[in-house]
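Here's the structure, in structure tokens; my notes come after.
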Number of protein chains: 2
Amino acid sequence: MKGPRVDVALVHAPVVNRKGEVIGSAVTNLDLHDIARACRTFGVHTYWVITPFARQRELSSQILAHWLTGHGSTANPDRGEALALIRIIADLQEAIGAARQKWGRELRVVATCARTRPDTVEYTQLRRQIGAGQPVLLVFGTAWGLAPEVFDMVDTTLPPICGTGTYNHLSVRSAASIVLDRLLGVNE
Amino acid sequence: MKGPRVDVALVHAPVVNRKGEVIGSAVTNLDLHDIARACRTFGVHTYWVITPFARQRELSSQILAHWLTGHGSTANPDRGEALALIRIIADLQEAIGAARQKWGRELRVVATCARTRPDTVEYTQLRRQIGAGQPVLLVFGTAWGLAPEVFDMVDTTLPPICGTGTYNHLSVRSAASIVLDRLLGVNE
């Protein structure tokens, strides 16, 4: 298995809403496309789309089928190449288990958060570790972010993406793209 | 005027389609939201949304009004704070003129492209220049990228965003987020 040993998980439940209540969010078409394209660009192995709702998994599978085997596969094959990285799965624990099966017990599960958490790893440090072969599962939350219980399931958390001020309301599509570039991008 | 002297322009025409033909693309709701949120995060001054089609400008204005003065402004004020950076305008030359009026003749107009162009500036170099006060207008294309004639209107071009391989089909939302982070992000 070539390339960086990095997976991405996009969690639709449990996440929190604006009030901090634990909810499940709906799958967004462009979260599938944009994050899959970024994953494909930066050499991510598997992009786990996590929702406990069977109908949402069914809908997501139908979207993928359009691009992988349907009309989209011939109209825009580049898109299928990215979406082929997606695995739709019911919960994060299952994704962690599958990644661990692939890469062994050394797998590190790394959450992302728009607020600073106590136990964080620096981008440059994690980038070095990935470069040295460390397998990593990066976990992103939809809605207003991952529910507190998710942070109990992970090994560490990346610091929030900082710009010039205190505004930190990036879309999860932007956040995932930036995190992948910071960890895996190769430009000077 | 505080913060970096950086504007972003998103061009809907002239751009090219998959076959390389010069076209005009439709405004996409999430291009407004995601790129405005990234602009707000990284301290961009103005986000120019460029389309020659009057009906598209009207539609874009209606979307903005929802978040700036309508129901969205109270339901999610953070979103309005980002979308307030948007100016909708008919062509790139007008945006360049307005940015030049704001920042003077030293303005540098910098295109982005998924293919390597002859005259490019490195990310680290442009980042240093911006840090030293250089005013910059970053130009992004929708669809399959900026039309050839746009490259005649700019001073230089950033190299394509590179990952692990040759796949370079990031969404413009991802590309803009990554470029802004590379030029203006502050994390280690």
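In the structure tokens, chains take letters A, B, ... by order of appearance, with residues numbered from 1 within each chain and ligands from 1 in the order shown.
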Would you write out, as CSV, a table of all residues in chain B that have an atom no more than 8 Å from an atom of chain A, listing for each the closest atom pair and the distance in Å to one decimal, considering only C-alpha atoms and ordering rows by chain and rising residue number?
residue,atom,partner,partner_atom,distance
B:Gly3,CA,A:Thr164,CA,7.4
B:Asp34,CA,A:Ser171,CA,5.9
B:Arg37,CA,A:Leu170,CA,5.5
B:Ala38,CA,A:Leu170,CA,5.8
B:Arg40,CA,A:Tyr167,CA,7.0
B:Thr41,CA,A:Gly163,CA,5.2
B:Phe42,CA,A:Gly163,CA,4.2
B:Gly43,CA,A:Thr164,CA,5.5
B:Asp78,CA,A:His169,CA,7.4
B:Glu122,CA,A:Glu188,CA,6.6
B:Tyr123,CA,A:Glu188,CA,6.2
B:Thr124,CA,A:Glu188,CA,6.3
B:Ile161,CA,A:Asn187,CA,6.7
B:Cys162,CA,A:Val186,CA,5.7
B:Gly163,CA,A:Phe42,CA,4.2
B:Thr164,CA,A:Phe42,CA,5.3
B:Gly165,CA,A:Thr41,CA,6.9
B:Thr166,CA,A:Thr41,CA,7.7
B:Tyr167,CA,A:Thr41,CA,5.4
B:Asn168,CA,A:Thr41,CA,6.0
B:His169,CA,A:Arg37,CA,6.4
B:Leu170,CA,A:Arg37,CA,5.5
B:Ser171,CA,A:Asp34,CA,5.9
B:Arg173,CA,A:Ser174,CA,6.8
B:Ser174,CA,A:Ser177,CA,5.5
B:Ala175,CA,A:Ser177,CA,7.9
B:Ser177,CA,A:Ser174,CA,5.5
B:Ile178,CA,A:Ile178,CA,5.1
B:Asp181,CA,A:Ile178,CA,6.8
B:Leu184,CA,A:Gly163,CA,6.7
B:Gly185,CA,A:Gly163,CA,5.0
B:Val186,CA,A:Cys162,CA,5.7
B:Asn187,CA,A:Cys162,CA,5.9
B:Glu188,CA,A:Tyr123,CA,6.3
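By only C-alpha atoms, and with residues fewer than 5 positions from range 47-51 of chain B along its chain excluded, the set lying at most 7 Å from it is Asp7, Val8, Ala9, Leu10, Val11, His12, Ala13, Ala36, Gln56, Arg57, Leu85, Ile86, Arg87, Ile88, Ile89, Ala90, Asp91, Leu92 and Ala95 of chain B.
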Taking all heavy atoms for each residue, export the selection above as a compact mmCIF listing (two decimals), in the first residue's frame.
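The result, written out as result-v1.txt:
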# COMPACT_ATOMS: atom_id res chain seq x y z
N ASP B 7 -7.37 41.10 -1.50
CA ASP B 7 -8.72 40.88 -2.00
C ASP B 7 -8.76 39.56 -2.75
O ASP B 7 -7.72 39.06 -3.21
CB ASP B 7 -9.13 41.98 -2.98
CG ASP B 7 -9.64 43.25 -2.28
OD1 ASP B 7 -9.56 43.32 -1.03
OD2 ASP B 7 -10.10 44.16 -2.99
N VAL B 8 -9.95 38.99 -2.87
CA VAL B 8 -10.16 37.77 -3.65
C VAL B 8 -11.19 38.06 -4.73
O VAL B 8 -12.17 38.77 -4.46
CB VAL B 8 -10.66 36.63 -2.73
CG1 VAL B 8 -11.28 35.49 -3.52
CG2 VAL B 8 -9.50 36.10 -1.87
N ALA B 9 -10.95 37.57 -5.94
CA ALA B 9 -11.95 37.67 -7.01
C ALA B 9 -12.29 36.28 -7.51
O ALA B 9 -11.39 35.47 -7.77
CB ALA B 9 -11.41 38.52 -8.16
N LEU B 10 -13.59 35.99 -7.60
CA LEU B 10 -14.03 34.71 -8.17
C LEU B 10 -14.68 35.01 -9.52
O LEU B 10 -15.73 35.67 -9.59
CB LEU B 10 -15.03 34.02 -7.24
CG LEU B 10 -15.49 32.64 -7.73
CD1 LEU B 10 -14.35 31.64 -7.67
CD2 LEU B 10 -16.68 32.13 -6.90
N VAL B 11 -14.06 34.49 -10.57
CA VAL B 11 -14.48 34.82 -11.94
C VAL B 11 -15.42 33.74 -12.49
O VAL B 11 -15.08 32.55 -12.49
CB VAL B 11 -13.23 34.96 -12.85
CG1 VAL B 11 -13.64 35.18 -14.30
CG2 VAL B 11 -12.34 36.09 -12.36
N HIS B 12 -16.61 34.17 -12.95
CA HIS B 12 -17.56 33.25 -13.60
C HIS B 12 -17.52 33.38 -15.12
O HIS B 12 -18.05 32.52 -15.83
CB HIS B 12 -18.97 33.51 -13.08
CG HIS B 12 -19.12 33.15 -11.63
ND1 HIS B 12 -18.80 34.03 -10.61
CD2 HIS B 12 -19.50 32.01 -11.01
CE1 HIS B 12 -19.00 33.44 -9.45
NE2 HIS B 12 -19.42 32.22 -9.66
N ALA B 13 -16.89 34.45 -15.61
CA ALA B 13 -16.66 34.63 -17.05
C ALA B 13 -15.61 35.71 -17.22
O ALA B 13 -15.64 36.70 -16.50
CB ALA B 13 -17.95 35.03 -17.77
N ALA B 36 -16.44 33.12 1.21
CA ALA B 36 -16.60 34.28 2.11
C ALA B 36 -16.16 33.93 3.53
O ALA B 36 -15.50 34.73 4.21
CB ALA B 36 -18.05 34.76 2.10
N GLN B 56 -27.76 36.86 -12.90
CA GLN B 56 -26.94 36.15 -11.92
C GLN B 56 -26.50 37.10 -10.80
O GLN B 56 -26.42 36.70 -9.64
CB GLN B 56 -25.69 35.56 -12.60
CG GLN B 56 -26.00 34.39 -13.52
CD GLN B 56 -26.10 33.09 -12.74
OE1 GLN B 56 -25.20 32.72 -12.00
NE2 GLN B 56 -27.22 32.41 -12.88
N ARG B 57 -26.25 38.34 -11.17
CA ARG B 57 -25.89 39.32 -10.14
C ARG B 57 -27.09 39.59 -9.22
O ARG B 57 -26.95 39.70 -8.01
CB ARG B 57 -25.41 40.63 -10.79
CG ARG B 57 -24.07 40.50 -11.50
CD ARG B 57 -23.41 41.85 -11.74
NE ARG B 57 -24.20 42.75 -12.56
CZ ARG B 57 -24.18 42.76 -13.89
NH1 ARG B 57 -23.40 41.92 -14.55
NH2 ARG B 57 -24.91 43.62 -14.57
N LEU B 85 -18.45 40.65 3.16
CA LEU B 85 -17.22 40.97 2.41
C LEU B 85 -17.44 40.96 0.89
O LEU B 85 -16.59 41.40 0.13
CB LEU B 85 -16.11 39.95 2.73
CG LEU B 85 -15.68 39.82 4.19
CD1 LEU B 85 -14.57 38.78 4.30
CD2 LEU B 85 -15.21 41.17 4.72
N ILE B 86 -18.59 40.40 0.46
CA ILE B 86 -18.83 40.20 -0.98
C ILE B 86 -19.28 41.49 -1.68
O ILE B 86 -20.12 42.22 -1.17
CB ILE B 86 -19.88 39.08 -1.20
CG1 ILE B 86 -19.32 37.73 -0.73
CG2 ILE B 86 -20.33 39.03 -2.67
CD1 ILE B 86 -20.28 36.57 -0.93
N ARG B 87 -18.67 41.75 -2.84
CA ARG B 87 -19.15 42.78 -3.77
C ARG B 87 -19.39 42.07 -5.10
O ARG B 87 -18.49 41.40 -5.61
CB ARG B 87 -18.12 43.90 -3.96
CG ARG B 87 -17.82 44.69 -2.70
CD ARG B 87 -19.00 45.57 -2.28
NE ARG B 87 -18.73 46.22 -1.00
CZ ARG B 87 -18.93 45.65 0.21
NH1 ARG B 87 -19.40 44.41 0.29
NH2 ARG B 87 -18.65 46.30 1.31
N ILE B 88 -20.59 42.24 -5.64
CA ILE B 88 -20.93 41.59 -6.90
C ILE B 88 -20.69 42.59 -8.03
O ILE B 88 -21.16 43.73 -7.95
CB ILE B 88 -22.39 41.12 -6.87
CG1 ILE B 88 -22.59 40.17 -5.70
CG2 ILE B 88 -22.78 40.48 -8.19
CD1 ILE B 88 -24.03 40.04 -5.26
N ILE B 89 -19.98 42.15 -9.05
CA ILE B 89 -19.50 43.12 -10.05
C ILE B 89 -19.44 42.43 -11.41
O ILE B 89 -19.32 41.21 -11.49
CB ILE B 89 -18.13 43.68 -9.56
CG1 ILE B 89 -17.76 44.98 -10.26
CG2 ILE B 89 -17.05 42.66 -9.66
CD1 ILE B 89 -16.62 45.72 -9.54
N ALA B 90 -19.54 43.20 -12.50
CA ALA B 90 -19.73 42.61 -13.83
C ALA B 90 -18.46 42.06 -14.46
O ALA B 90 -18.51 41.08 -15.20
CB ALA B 90 -20.38 43.62 -14.77
N ASP B 91 -17.31 42.69 -14.23
CA ASP B 91 -16.11 42.10 -14.83
C ASP B 91 -14.85 42.33 -14.01
O ASP B 91 -14.81 43.17 -13.11
CB ASP B 91 -15.93 42.52 -16.30
CG ASP B 91 -15.60 43.97 -16.46
OD1 ASP B 91 -14.62 44.43 -15.86
OD2 ASP B 91 -16.33 44.65 -17.21
N LEU B 92 -13.85 41.52 -14.31
CA LEU B 92 -12.61 41.52 -13.52
C LEU B 92 -11.89 42.86 -13.61
O LEU B 92 -11.32 43.32 -12.63
CB LEU B 92 -11.70 40.37 -14.01
CG LEU B 92 -10.34 40.25 -13.30
CD1 LEU B 92 -10.51 40.04 -11.80
CD2 LEU B 92 -9.53 39.11 -13.91
N ALA B 95 -13.09 45.10 -11.01
CA ALA B 95 -12.60 44.73 -9.67
C ALA B 95 -11.15 45.17 -9.50
O ALA B 95 -10.76 45.69 -8.45
CB ALA B 95 -12.73 43.22 -9.46
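With distances restricted to only C-alpha atoms, A:Pro135 is the closest residue to Gln101 in chain A from A:Glu58, A:Pro118, A:Pro135, A:Asn29.
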Picked from chain A by DSSP as strand (DSSP E or B), as a ChimeraX atom specification
/A:6-11,15-16,22-23,47-50,86-89,108-112,120,136-141,146,156-158
Could you pull the residues within 12 Å of Thr156 in chain A, counting only C-alpha atoms, minus those fewer than 2 positions along the same chain, as a PDB file with N, CA and C atoms, in the first residue's frame?
ATOM      1  N   LEU A 107      -2.306   2.813  14.774  1.00  0.00           N
ATOM      2  CA  LEU A 107      -3.177   3.872  14.227  1.00  0.00           C
ATOM      3  C   LEU A 107      -3.430   4.951  15.271  1.00  0.00           C
ATOM      4  N   ARG A 108      -3.316   6.221  14.836  1.00  0.00           N
ATOM      5  CA  ARG A 108      -3.608   7.339  15.723  1.00  0.00           C
ATOM      6  C   ARG A 108      -4.870   8.029  15.216  1.00  0.00           C
ATOM      7  N   VAL A 109      -5.862   8.181  16.095  1.00  0.00           N
ATOM      8  CA  VAL A 109      -7.124   8.816  15.713  1.00  0.00           C
ATOM      9  C   VAL A 109      -7.073  10.271  16.160  1.00  0.00           C
ATOM     10  N   VAL A 110      -7.179  11.181  15.190  1.00  0.00           N
ATOM     11  CA  VAL A 110      -6.937  12.602  15.453  1.00  0.00           C
ATOM     12  C   VAL A 110      -8.183  13.409  15.109  1.00  0.00           C
ATOM     13  N   ALA A 111      -8.776  14.041  16.123  1.00  0.00           N
ATOM     14  CA  ALA A 111      -9.962  14.864  15.890  1.00  0.00           C
ATOM     15  C   ALA A 111      -9.559  16.262  15.433  1.00  0.00           C
ATOM     16  N   THR A 112     -10.532  16.991  14.868  1.00  0.00           N
ATOM     17  CA  THR A 112     -10.339  18.403  14.519  1.00  0.00           C
ATOM     18  C   THR A 112     -11.435  19.181  15.233  1.00  0.00           C
ATOM     19  N   CYS A 113     -11.137  20.421  15.577  1.00  0.00           N
ATOM     20  CA  CYS A 113     -12.082  21.193  16.385  1.00  0.00           C
ATOM     21  C   CYS A 113     -11.840  22.678  16.154  1.00  0.00           C
ATOM     22  N   THR A 116      -9.961  25.432  20.873  1.00  0.00           N
ATOM     23  CA  THR A 116      -8.732  24.816  21.371  1.00  0.00           C
ATOM     24  C   THR A 116      -9.086  23.775  22.428  1.00  0.00           C
ATOM     25  N   ARG A 117      -8.552  22.580  22.289  1.00  0.00           N
ATOM     26  CA  ARG A 117      -8.767  21.489  23.232  1.00  0.00           C
ATOM     27  C   ARG A 117      -7.499  21.315  24.063  1.00  0.00           C
ATOM     28  N   PRO A 118      -7.606  20.687  25.240  1.00  0.00           N
ATOM     29  CA  PRO A 118      -6.416  20.527  26.069  1.00  0.00           C
ATOM     30  C   PRO A 118      -5.316  19.686  25.424  1.00  0.00           C
ATOM     31  N   ASP A 119      -5.676  18.533  24.864  1.00  0.00           N
ATOM     32  CA  ASP A 119      -4.653  17.624  24.352  1.00  0.00           C
ATOM     33  C   ASP A 119      -4.526  17.791  22.845  1.00  0.00           C
ATOM     34  N   THR A 120      -3.589  18.645  22.403  1.00  0.00           N
ATOM     35  CA  THR A 120      -3.467  18.862  20.960  1.00  0.00           C
ATOM     36  C   THR A 120      -2.073  18.485  20.457  1.00  0.00           C
ATOM     37  N   VAL A 121      -2.021  18.222  19.152  1.00  0.00           N
ATOM     38  CA  VAL A 121      -0.754  17.928  18.481  1.00  0.00           C
ATOM     39  C   VAL A 121      -0.553  19.016  17.433  1.00  0.00           C
ATOM     40  N   GLU A 122       0.659  19.534  17.294  1.00  0.00           N
ATOM     41  CA  GLU A 122       0.905  20.583  16.295  1.00  0.00           C
ATOM     42  C   GLU A 122       0.888  20.023  14.878  1.00  0.00           C
ATOM     43  N   TYR A 123       0.477  20.857  13.931  1.00  0.00           N
ATOM     44  CA  TYR A 123       0.416  20.437  12.536  1.00  0.00           C
ATOM     45  C   TYR A 123       1.771  19.951  12.037  1.00  0.00           C
ATOM     46  N   LEU A 126       2.595  16.473  13.523  1.00  0.00           N
ATOM     47  CA  LEU A 126       1.822  15.382  12.931  1.00  0.00           C
ATOM     48  C   LEU A 126       2.269  15.143  11.479  1.00  0.00           C
ATOM     49  N   VAL A 136      -2.760   7.475  10.373  1.00  0.00           N
ATOM     50  CA  VAL A 136      -3.611   8.461  11.046  1.00  0.00           C
ATOM     51  C   VAL A 136      -5.021   8.418  10.458  1.00  0.00           C
ATOM     52  N   LEU A 137      -6.015   8.495  11.348  1.00  0.00           N
ATOM     53  CA  LEU A 137      -7.407   8.712  10.925  1.00  0.00           C
ATOM     54  C   LEU A 137      -7.806  10.095  11.399  1.00  0.00           C
ATOM     55  N   LEU A 138      -8.060  11.009  10.446  1.00  0.00           N
ATOM     56  CA  LEU A 138      -8.456  12.385  10.769  1.00  0.00           C
ATOM     57  C   LEU A 138      -9.974  12.461  10.848  1.00  0.00           C
ATOM     58  N   VAL A 139     -10.498  12.998  11.950  1.00  0.00           N
ATOM     59  CA  VAL A 139     -11.948  13.015  12.171  1.00  0.00           C
ATOM     60  C   VAL A 139     -12.485  14.447  12.122  1.00  0.00           C
ATOM     61  N   VAL A 150     -17.192  12.202  21.243  1.00  0.00           N
ATOM     62  CA  VAL A 150     -16.243  11.788  20.204  1.00  0.00           C
ATOM     63  C   VAL A 150     -14.800  12.020  20.679  1.00  0.00           C
ATOM     64  N   PHE A 151     -14.610  13.097  21.452  1.00  0.00           N
ATOM     65  CA  PHE A 151     -13.242  13.399  21.901  1.00  0.00           C
ATOM     66  C   PHE A 151     -12.722  12.350  22.877  1.00  0.00           C
ATOM     67  N   ASP A 152     -13.622  11.572  23.480  1.00  0.00           N
ATOM     68  CA  ASP A 152     -13.196  10.456  24.330  1.00  0.00           C
ATOM     69  C   ASP A 152     -12.720   9.259  23.506  1.00  0.00           C
ATOM     70  N   MET A 153     -13.090   9.246  22.209  1.00  0.00           N
ATOM     71  CA  MET A 153     -12.749   8.104  21.358  1.00  0.00           C
ATOM     72  C   MET A 153     -11.445   8.328  20.592  1.00  0.00           C
ATOM     73  N   VAL A 154     -10.885   9.548  20.679  1.00  0.00           N
ATOM     74  CA  VAL A 154      -9.724   9.855  19.839  1.00  0.00           C
ATOM     75  C   VAL A 154      -8.459   9.952  20.686  1.00  0.00           C
ATOM     76  N   LEU A 158      -6.234  18.218  16.644  1.00  0.00           N
ATOM     77  CA  LEU A 158      -5.469  19.302  16.016  1.00  0.00           C
ATOM     78  C   LEU A 158      -5.996  20.655  16.502  1.00  0.00           C
ATOM     79  N   PRO A 159      -5.140  21.659  16.610  1.00  0.00           N
ATOM     80  CA  PRO A 159      -5.614  22.982  17.015  1.00  0.00           C
ATOM     81  C   PRO A 159      -6.532  23.586  15.950  1.00  0.00           C
TER      82      PRO A 159
END
Please identify all polymer residues within 12 Å of Ala75 in chain A, counting only C-alpha atoms, omitting same-chain residues fewer than 5 positions from it, and present them as a VMD selection string.
(chain A and resid 66 to 70 80) or (chain B and resid 18 to 19)
